[in-house]
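Shown below: entry_16.tsv, with TSV, C-alpha atoms.
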```tsv
chain	number	residue	atom	x	y	z
A	1	MET	CA	6.31	7.95	30.44
A	2	THR	CA	9.23	7.85	28.01
A	3	ALA	CA	9.93	10.79	25.72
A	4	ASP	CA	9.02	8.65	22.69
A	5	ARG	CA	5.70	7.60	24.20
A	6	LEU	CA	4.92	11.17	25.28
A	7	ASP	CA	5.76	12.29	21.76
A	8	ARG	CA	3.28	9.78	20.25
A	9	ALA	CA	0.60	10.63	22.82
A	10	PHE	CA	0.50	14.28	21.81
A	11	ARG	CA	0.93	13.92	18.05
A	12	ASP	CA	-1.83	15.50	15.99
A	13	GLU	CA	-2.42	12.90	13.26
A	14	SER	CA	-4.18	15.26	10.87
A	15	SER	CA	-1.36	17.77	10.50
A	16	GLY	CA	1.72	15.91	11.65
A	17	VAL	CA	2.34	18.71	14.14
A	18	HIS	CA	3.08	17.85	17.72
A	19	ALA	CA	0.51	19.24	20.12
A	20	SER	CA	1.62	20.13	23.58
A	21	PRO	CA	-0.62	19.12	26.48
A	22	GLU	CA	-1.76	22.76	26.70
A	23	GLN	CA	-3.00	22.62	23.09
A	24	ARG	CA	-5.21	19.62	23.72
A	25	LEU	CA	-8.82	20.17	24.67
A	26	SER	CA	-10.59	19.25	27.88
A	27	ILE	CA	-13.88	17.37	27.65
A	28	GLY	CA	-15.74	20.60	28.47
A	29	GLU	CA	-13.98	22.48	25.70
A	30	VAL	CA	-14.76	19.71	23.21
A	31	ALA	CA	-18.40	19.66	24.32
A	32	GLU	CA	-18.71	23.43	23.92
A	33	ARG	CA	-16.97	23.54	20.54
A	34	ALA	CA	-18.84	20.52	19.14
A	35	GLY	CA	-22.23	21.40	20.62
A	36	VAL	CA	-22.70	18.04	22.36
A	37	ALA	CA	-23.01	17.00	25.99
A	38	THR	CA	-19.96	15.72	27.84
A	39	SER	CA	-21.89	12.50	28.43
A	40	ALA	CA	-22.14	12.04	24.64
A	41	ILE	CA	-18.38	12.47	24.32
A	42	ARG	CA	-17.76	9.87	27.03
A	43	HIS	CA	-20.26	7.54	25.33
A	44	TYR	CA	-18.56	7.97	21.94
A	45	GLU	CA	-15.26	7.24	23.61
A	46	SER	CA	-16.64	4.11	25.29
A	47	ARG	CA	-17.79	2.93	21.84
A	48	GLY	CA	-14.30	3.48	20.39
A	49	LEU	CA	-15.35	6.40	18.18
A	50	LEU	CA	-13.09	8.88	20.01
A	51	THR	CA	-9.87	8.62	21.96
A	52	SER	CA	-8.34	10.75	24.65
A	53	GLU	CA	-5.21	10.88	26.73
A	54	ARG	CA	-5.24	11.25	30.49
A	55	THR	CA	-3.40	13.88	32.46
A	56	SER	CA	-1.53	13.04	35.65
A	57	GLY	CA	-4.75	14.10	37.40
A	58	ASN	CA	-6.70	11.55	35.28
A	59	GLN	CA	-8.53	14.22	33.27
A	60	ARG	CA	-9.31	13.54	29.63
A	61	ARG	CA	-7.53	15.57	26.98
A	62	TYR	CA	-8.46	15.41	23.31
A	63	ALA	CA	-6.62	16.25	20.12
A	64	ARG	CA	-8.40	18.88	18.06
A	65	THR	CA	-9.04	16.20	15.42
A	66	VAL	CA	-11.82	14.95	17.67
A	67	LEU	CA	-13.95	17.93	16.62
A	68	ARG	CA	-14.11	16.71	13.02
A	69	ARG	CA	-14.79	13.15	14.14
A	70	ILE	CA	-17.74	14.40	16.22
A	71	ALA	CA	-19.02	16.40	13.24
A	72	VAL	CA	-18.96	13.25	11.09
A	73	ILE	CA	-20.68	11.25	13.87
A	74	GLN	CA	-23.41	13.89	14.13
A	75	ALA	CA	-23.91	14.09	10.35
A	76	ALA	CA	-24.13	10.30	10.08
A	77	GLN	CA	-26.58	10.05	12.98
A	78	HIS	CA	-28.66	12.87	11.51
A	79	VAL	CA	-29.30	10.80	8.39
A	80	GLY	CA	-30.21	7.74	10.45
A	81	LEU	CA	-27.00	5.74	10.73
A	82	SER	CA	-26.40	3.88	13.95
A	83	LEU	CA	-23.33	4.25	16.14
A	84	ALA	CA	-22.47	0.65	15.23
A	85	GLU	CA	-22.37	1.58	11.52
A	86	ILE	CA	-20.32	4.69	12.25
A	87	SER	CA	-17.95	2.67	14.44
A	88	GLU	CA	-17.47	0.13	11.65
A	89	ALA	CA	-16.56	2.92	9.24
A	90	PHE	CA	-14.20	4.58	11.74
A	91	SER	CA	-12.44	1.27	12.43
A	92	ARG	CA	-10.49	1.81	9.18
A	93	PHE	CA	-8.92	5.01	10.48
A	94	PRO	CA	-6.24	5.54	13.11
A	95	PRO	CA	-7.84	6.55	16.46
A	96	ASP	CA	-6.87	10.26	16.30
A	97	HIS	CA	-7.47	10.60	12.56
A	98	ALA	CA	-9.84	13.37	11.50
A	99	PRO	CA	-11.73	12.20	8.42
A	100	THR	CA	-10.58	14.13	5.38
A	101	LYS	CA	-12.69	15.26	2.44
A	102	ARG	CA	-11.62	12.10	0.60
A	103	ASP	CA	-12.53	9.92	3.62
A	104	TRP	CA	-15.94	11.61	3.85
A	105	ALA	CA	-16.59	11.05	0.12
A	106	ARG	CA	-15.77	7.34	0.53
A	107	LEU	CA	-18.02	7.03	3.60
A	108	ALA	CA	-20.84	8.82	1.77
A	109	ARG	CA	-20.54	6.40	-1.18
A	110	GLU	CA	-20.62	3.41	1.15
A	111	TRP	CA	-23.59	4.73	3.12
A	112	ARG	CA	-25.60	5.82	0.07
A	113	PRO	CA	-27.37	2.46	-0.58
A	114	ARG	CA	-28.53	2.32	3.03
A	115	LEU	CA	-29.72	5.93	2.88
A	116	ASP	CA	-31.52	5.30	-0.42
A	117	ARG	CA	-33.28	2.29	1.14
A	118	ARG	CA	-34.27	4.40	4.16
A	119	ILE	CA	-35.64	7.14	1.89
A	120	ARG	CA	-37.77	4.55	0.04
A	121	GLU	CA	-39.07	3.25	3.38
A	122	LEU	CA	-39.97	6.76	4.54
A	123	GLU	CA	-41.71	7.53	1.25
A	124	GLN	CA	-43.73	4.33	1.60
A	125	VAL	CA	-44.73	5.29	5.14
A	126	ARG	CA	-45.61	8.84	4.04
A	127	ASP	CA	-47.73	7.61	1.17
A	128	GLY	CA	-49.43	4.99	3.32
A	129	LEU	CA	-50.24	7.41	6.12
A	130	SER	CA	-52.37	9.58	3.87
A	131	MET	CA	-54.50	6.52	3.28
A	132	CYS	CA	-54.68	5.42	6.92
A	133	VAL	CA	-54.78	8.40	9.20
A	134	GLY	CA	-58.31	9.67	9.43
A	135	CYS	CA	-59.37	7.91	6.25
A	136	GLY	CA	-62.81	7.22	7.64
A	137	CYS	CA	-63.19	4.03	5.63
A	138	LEU	CA	-64.45	2.16	8.70
A	139	SER	CA	-63.85	-1.08	6.85
A	140	MET	CA	-61.32	-3.61	8.00
A	141	ARG	CA	-61.47	-5.25	4.54
A	142	GLN	CA	-60.05	-2.09	2.94
A	143	CYS	CA	-57.56	-1.16	5.68
A	144	ALA	CA	-53.99	-1.48	4.44
A	145	ILE	CA	-52.57	-2.17	7.89
A	146	TYR	CA	-55.26	-4.44	9.35
A	147	ASN	CA	-53.67	-7.58	10.76
A	148	PRO	CA	-56.37	-10.10	11.70
A	149	ASP	CA	-55.39	-12.53	14.45
A	150	ASP	CA	-51.89	-11.01	14.53
A	151	ALA	CA	-50.87	-13.07	11.50
A	152	LEU	CA	-47.82	-10.86	10.98
A	153	GLY	CA	-46.57	-11.53	14.52
A	154	ALA	CA	-44.89	-14.71	13.30
A	155	SER	CA	-42.61	-12.68	11.02
A	156	GLY	CA	-41.26	-10.47	13.81
A	157	PRO	CA	-42.03	-7.49	16.03
A	158	GLY	CA	-43.20	-4.03	15.06
A	159	ALA	CA	-45.53	-2.43	12.59
A	160	ARG	CA	-44.57	-4.72	9.70
A	161	ARG	CA	-46.79	-3.09	7.09
A	162	VAL	CA	-46.10	0.49	8.10
A	163	PHE	CA	-42.34	-0.02	8.48
A	164	PRO	CA	-41.42	-2.92	6.20
A	165	HIS	CA	-38.23	-4.77	6.90
A	166	PRO	CA	-35.70	-4.95	4.02
A	167	ASP	CA	-35.93	-8.75	3.75
A	168	GLU	CA	-39.71	-8.50	3.20
A	169	GLU	CA	-39.69	-6.08	0.25
```
Final structure tokens representation of the file:
Amino acid sequence: MTADRLDRAFRDESSGVHASPEQRLSIGEVAERAGVATSAIRHYESRGLLTSERTSGNQRRYARTVLRRIAVIQAAQHVGLSLAEISEAFSRFPPDHAPTKRDWARLAREWRPRLDRRIRELEQVRDGLSMCVGCGCLSMRQCAIYNPDDALGASGPGARRVFPHPDEE
């Protein structure tokens, strides 16, 4: 490896400070610090959400910026965003870039409409469940989720009335 390439490999993008190989974190250290399983880290890496360098012994080493990226991934997943949506958002950043406060604000603005839609869906489910679960109506004519002859099957899979799809609202 040339000196220039080695220099780029160990550059910490968030601070502009060069990190020596000793300052980079092993997968176990990242897992412990971030509170996730090593398998999750490898999965995130396979999806392009994280990057690592390899030692001469083929062990992964991560820049400390990966900790913030994992925190953003976890926050986004916690509110219901998929890894595909997170990956799309991260595609705008350099691979070792730790999202800044400004980046996070932009991501939050972009994700807000989807989160608002999900909140409306959950409220609809919540409000509908009080009517359905244990209602005791015993009448299929009054049941809000009754689907005679699977008429809704033609419009797709799943509980269509309990969990409406955005294109059906």
| task | Tell me which protein, DNA and RNA residues are within 7 Å of stretch 62-78 of chain A, counting all atoms listed in the file, leaving out same-chain ones fewer than 6 positions away, and put them as a PyMOL selection string. | result | chain A and resi 12+14+24-26+30+34+50+52-53+86+96-99
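Distances here use all atoms listed in the file; by that measure, the residue among A:Pro95, A:Arg54, A:Glu88, A:Ile27 closest to A:Ser39 is A:Ile27.
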If we count only C-alpha atoms, what is near A:Ala108 at a cut-off of 12 Å, once residues fewer than 4 positions away on the same chain are taken out, given as a PDB file with C-alpha atoms, keeping the file's coordinate frame?
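Heads up, here's the output in part15.pdb:
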```pdb
ATOM      1  CA  VAL A  72     -18.960  13.250  11.090  1.00  0.00           C
ATOM      2  CA  ALA A  75     -23.910  14.090  10.350  1.00  0.00           C
ATOM      3  CA  ALA A  76     -24.130  10.300  10.080  1.00  0.00           C
ATOM      4  CA  VAL A  79     -29.300  10.800   8.390  1.00  0.00           C
ATOM      5  CA  LEU A  81     -27.000   5.740  10.730  1.00  0.00           C
ATOM      6  CA  ILE A  86     -20.320   4.690  12.250  1.00  0.00           C
ATOM      7  CA  ALA A  89     -16.560   2.920   9.240  1.00  0.00           C
ATOM      8  CA  PRO A  99     -11.730  12.200   8.420  1.00  0.00           C
ATOM      9  CA  LYS A 101     -12.690  15.260   2.440  1.00  0.00           C
ATOM     10  CA  ARG A 102     -11.620  12.100   0.600  1.00  0.00           C
ATOM     11  CA  ASP A 103     -12.530   9.920   3.620  1.00  0.00           C
ATOM     12  CA  TRP A 104     -15.940  11.610   3.850  1.00  0.00           C
ATOM     13  CA  ARG A 112     -25.600   5.820   0.070  1.00  0.00           C
ATOM     14  CA  PRO A 113     -27.370   2.460  -0.580  1.00  0.00           C
ATOM     15  CA  ARG A 114     -28.530   2.320   3.030  1.00  0.00           C
ATOM     16  CA  LEU A 115     -29.720   5.930   2.880  1.00  0.00           C
ATOM     17  CA  ASP A 116     -31.520   5.300  -0.420  1.00  0.00           C
TER      18      ASP A 116
END
```
| task | Mind giving me the straight-line distance from atom CA of A:Arg118 to atom CA of A:Val36 in Å, one decimal? | result |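 Pair atom CA of A:Arg118 / atom CA of A:Val36 returns 25.5 Å.
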| What is the atom CA of A:Arg117-atom CA of A:Ser91 distance in Å, reported with one decimal? | 23.7 Å
| Which one is closest to A:His43: A:Leu83, A:Leu122, A:Phe93, A:Arg106? Count only C-alpha atoms. | A:Leu83
| Nearest to A:Phe90: which of A:Ser155, A:Thr38, A:Thr51, A:Gln23 is it, counting all atoms listed in the file? |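 The answer is A:Thr51, which sits nearest to A:Phe90.
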| query | What does the distance between atom CA of A:Leu107 and atom CA of A:Pro94 come to in Å, to one decimal place? | reply | 15.2 Å
| Which is closest to A:Gly48 among A:Arg120, A:Gly35, A:Gly28, A:Ser87, if we use all atoms listed in the file? |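 Using all atoms listed in the file, the shortest distance to A:Gly48 belongs to A:Ser87.
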So that I can look at just that part, could you write stretch 32-46 of chain A with all heavy atoms, as a tab-separated table (two decimals), in the first residue's frame?
```tsv
chain	number	residue	atom	x	y	z
A	32	GLU	N	-19.67	-3.08	21.11
A	32	GLU	CA	-19.81	-2.74	22.53
A	32	GLU	C	-20.19	-1.28	22.72
A	32	GLU	O	-21.11	-0.94	23.47
A	32	GLU	CB	-18.52	-3.05	23.28
A	32	GLU	CG	-18.63	-2.83	24.77
A	32	GLU	CD	-17.37	-3.22	25.52
A	32	GLU	OE1	-16.55	-3.99	24.97
A	32	GLU	OE2	-17.20	-2.74	26.64
A	33	ARG	N	-19.50	-0.39	22.02
A	33	ARG	CA	-19.76	1.05	22.16
A	33	ARG	C	-21.13	1.44	21.63
A	33	ARG	O	-21.81	2.30	22.19
A	33	ARG	CB	-18.69	1.85	21.40
A	33	ARG	CG	-17.28	1.74	21.94
A	33	ARG	CD	-16.92	2.75	23.00
A	33	ARG	NE	-17.24	4.14	22.70
A	33	ARG	CZ	-16.49	4.97	22.01
A	33	ARG	NH1	-15.33	4.58	21.52
A	33	ARG	NH2	-16.87	6.21	21.82
A	34	ALA	N	-21.55	0.80	20.52
A	34	ALA	CA	-22.82	1.17	19.89
A	34	ALA	C	-24.01	0.40	20.46
A	34	ALA	O	-25.16	0.77	20.22
A	34	ALA	CB	-22.73	0.95	18.38
A	35	GLY	N	-23.74	-0.68	21.17
A	35	GLY	CA	-24.83	-1.47	21.74
A	35	GLY	C	-25.56	-2.32	20.71
A	35	GLY	O	-26.76	-2.54	20.83
A	36	VAL	N	-24.84	-2.76	19.69
A	36	VAL	CA	-25.43	-3.63	18.66
A	36	VAL	C	-24.57	-4.88	18.52
A	36	VAL	O	-23.40	-4.90	18.90
A	36	VAL	CB	-25.55	-2.93	17.30
A	36	VAL	CG1	-26.46	-1.71	17.38
A	36	VAL	CG2	-24.21	-2.52	16.74
A	37	ALA	N	-25.14	-5.91	17.93
A	37	ALA	CA	-24.42	-7.16	17.70
A	37	ALA	C	-23.42	-6.99	16.56
A	37	ALA	O	-23.63	-6.18	15.64
A	37	ALA	CB	-25.40	-8.28	17.36
A	38	THR	N	-22.35	-7.75	16.61
A	38	THR	CA	-21.38	-7.70	15.52
A	38	THR	C	-22.03	-8.11	14.20
A	38	THR	O	-21.67	-7.59	13.14
A	38	THR	CB	-20.16	-8.60	15.81
A	38	THR	OG1	-20.61	-9.94	16.05
A	38	THR	CG2	-19.36	-8.09	17.00
A	39	SER	N	-23.00	-9.01	14.26
A	39	SER	CA	-23.69	-9.42	13.03
A	39	SER	C	-24.45	-8.24	12.42
A	39	SER	O	-24.52	-8.12	11.19
A	39	SER	CB	-24.64	-10.58	13.30
A	39	SER	OG	-25.61	-10.22	14.28
A	40	ALA	N	-24.99	-7.36	13.25
A	40	ALA	CA	-25.68	-6.17	12.74
A	40	ALA	C	-24.68	-5.25	12.03
A	40	ALA	O	-24.98	-4.71	10.97
A	40	ALA	CB	-26.38	-5.42	13.86
A	41	ILE	N	-23.50	-5.11	12.61
A	41	ILE	CA	-22.47	-4.26	12.00
A	41	ILE	C	-22.08	-4.82	10.64
A	41	ILE	O	-21.99	-4.09	9.65
A	41	ILE	CB	-21.25	-4.13	12.92
A	41	ILE	CG1	-21.66	-3.40	14.21
A	41	ILE	CG2	-20.10	-3.40	12.22
A	41	ILE	CD1	-20.64	-3.46	15.31
A	42	ARG	N	-21.86	-6.13	10.57
A	42	ARG	CA	-21.51	-6.75	9.29
A	42	ARG	C	-22.66	-6.58	8.28
A	42	ARG	O	-22.42	-6.34	7.10
A	42	ARG	CB	-21.16	-8.22	9.48
A	42	ARG	CG	-19.78	-8.42	10.11
A	42	ARG	CD	-19.35	-9.89	10.09
A	42	ARG	NE	-20.15	-10.70	10.98
A	42	ARG	CZ	-19.91	-10.88	12.27
A	42	ARG	NH1	-18.86	-10.31	12.83
A	42	ARG	NH2	-20.69	-11.64	13.00
A	43	HIS	N	-23.89	-6.70	8.76
A	43	HIS	CA	-25.05	-6.53	7.87
A	43	HIS	C	-25.12	-5.09	7.35
A	43	HIS	O	-25.32	-4.87	6.16
A	43	HIS	CB	-26.34	-6.90	8.60
A	43	HIS	CG	-27.56	-6.76	7.75
A	43	HIS	ND1	-27.81	-7.58	6.67
A	43	HIS	CD2	-28.58	-5.87	7.80
A	43	HIS	CE1	-28.94	-7.21	6.10
A	43	HIS	NE2	-29.43	-6.17	6.77
A	44	TYR	N	-24.95	-4.12	8.25
A	44	TYR	CA	-24.94	-2.72	7.82
A	44	TYR	C	-23.84	-2.48	6.78
A	44	TYR	O	-24.04	-1.76	5.81
A	44	TYR	CB	-24.74	-1.77	9.00
A	44	TYR	CG	-25.84	-1.77	10.04
A	44	TYR	CD1	-25.57	-1.34	11.33
A	44	TYR	CD2	-27.14	-2.18	9.75
A	44	TYR	CE1	-26.56	-1.31	12.31
A	44	TYR	CE2	-28.13	-2.16	10.72
A	44	TYR	CZ	-27.84	-1.73	11.99
A	44	TYR	OH	-28.81	-1.69	12.96
A	45	GLU	N	-22.71	-3.09	7.01
A	45	GLU	CA	-21.60	-2.94	6.07
A	45	GLU	C	-21.94	-3.57	4.72
A	45	GLU	O	-21.66	-2.99	3.67
A	45	GLU	CB	-20.32	-3.54	6.65
A	45	GLU	CG	-19.09	-3.17	5.86
A	45	GLU	CD	-17.79	-3.58	6.54
A	45	GLU	OE1	-17.80	-4.01	7.71
A	45	GLU	OE2	-16.75	-3.44	5.87
A	46	SER	N	-22.57	-4.73	4.75
A	46	SER	CA	-22.95	-5.40	3.49
A	46	SER	C	-23.97	-4.58	2.72
A	46	SER	O	-24.05	-4.67	1.49
A	46	SER	CB	-23.48	-6.81	3.75
A	46	SER	OG	-24.79	-6.76	4.29
```
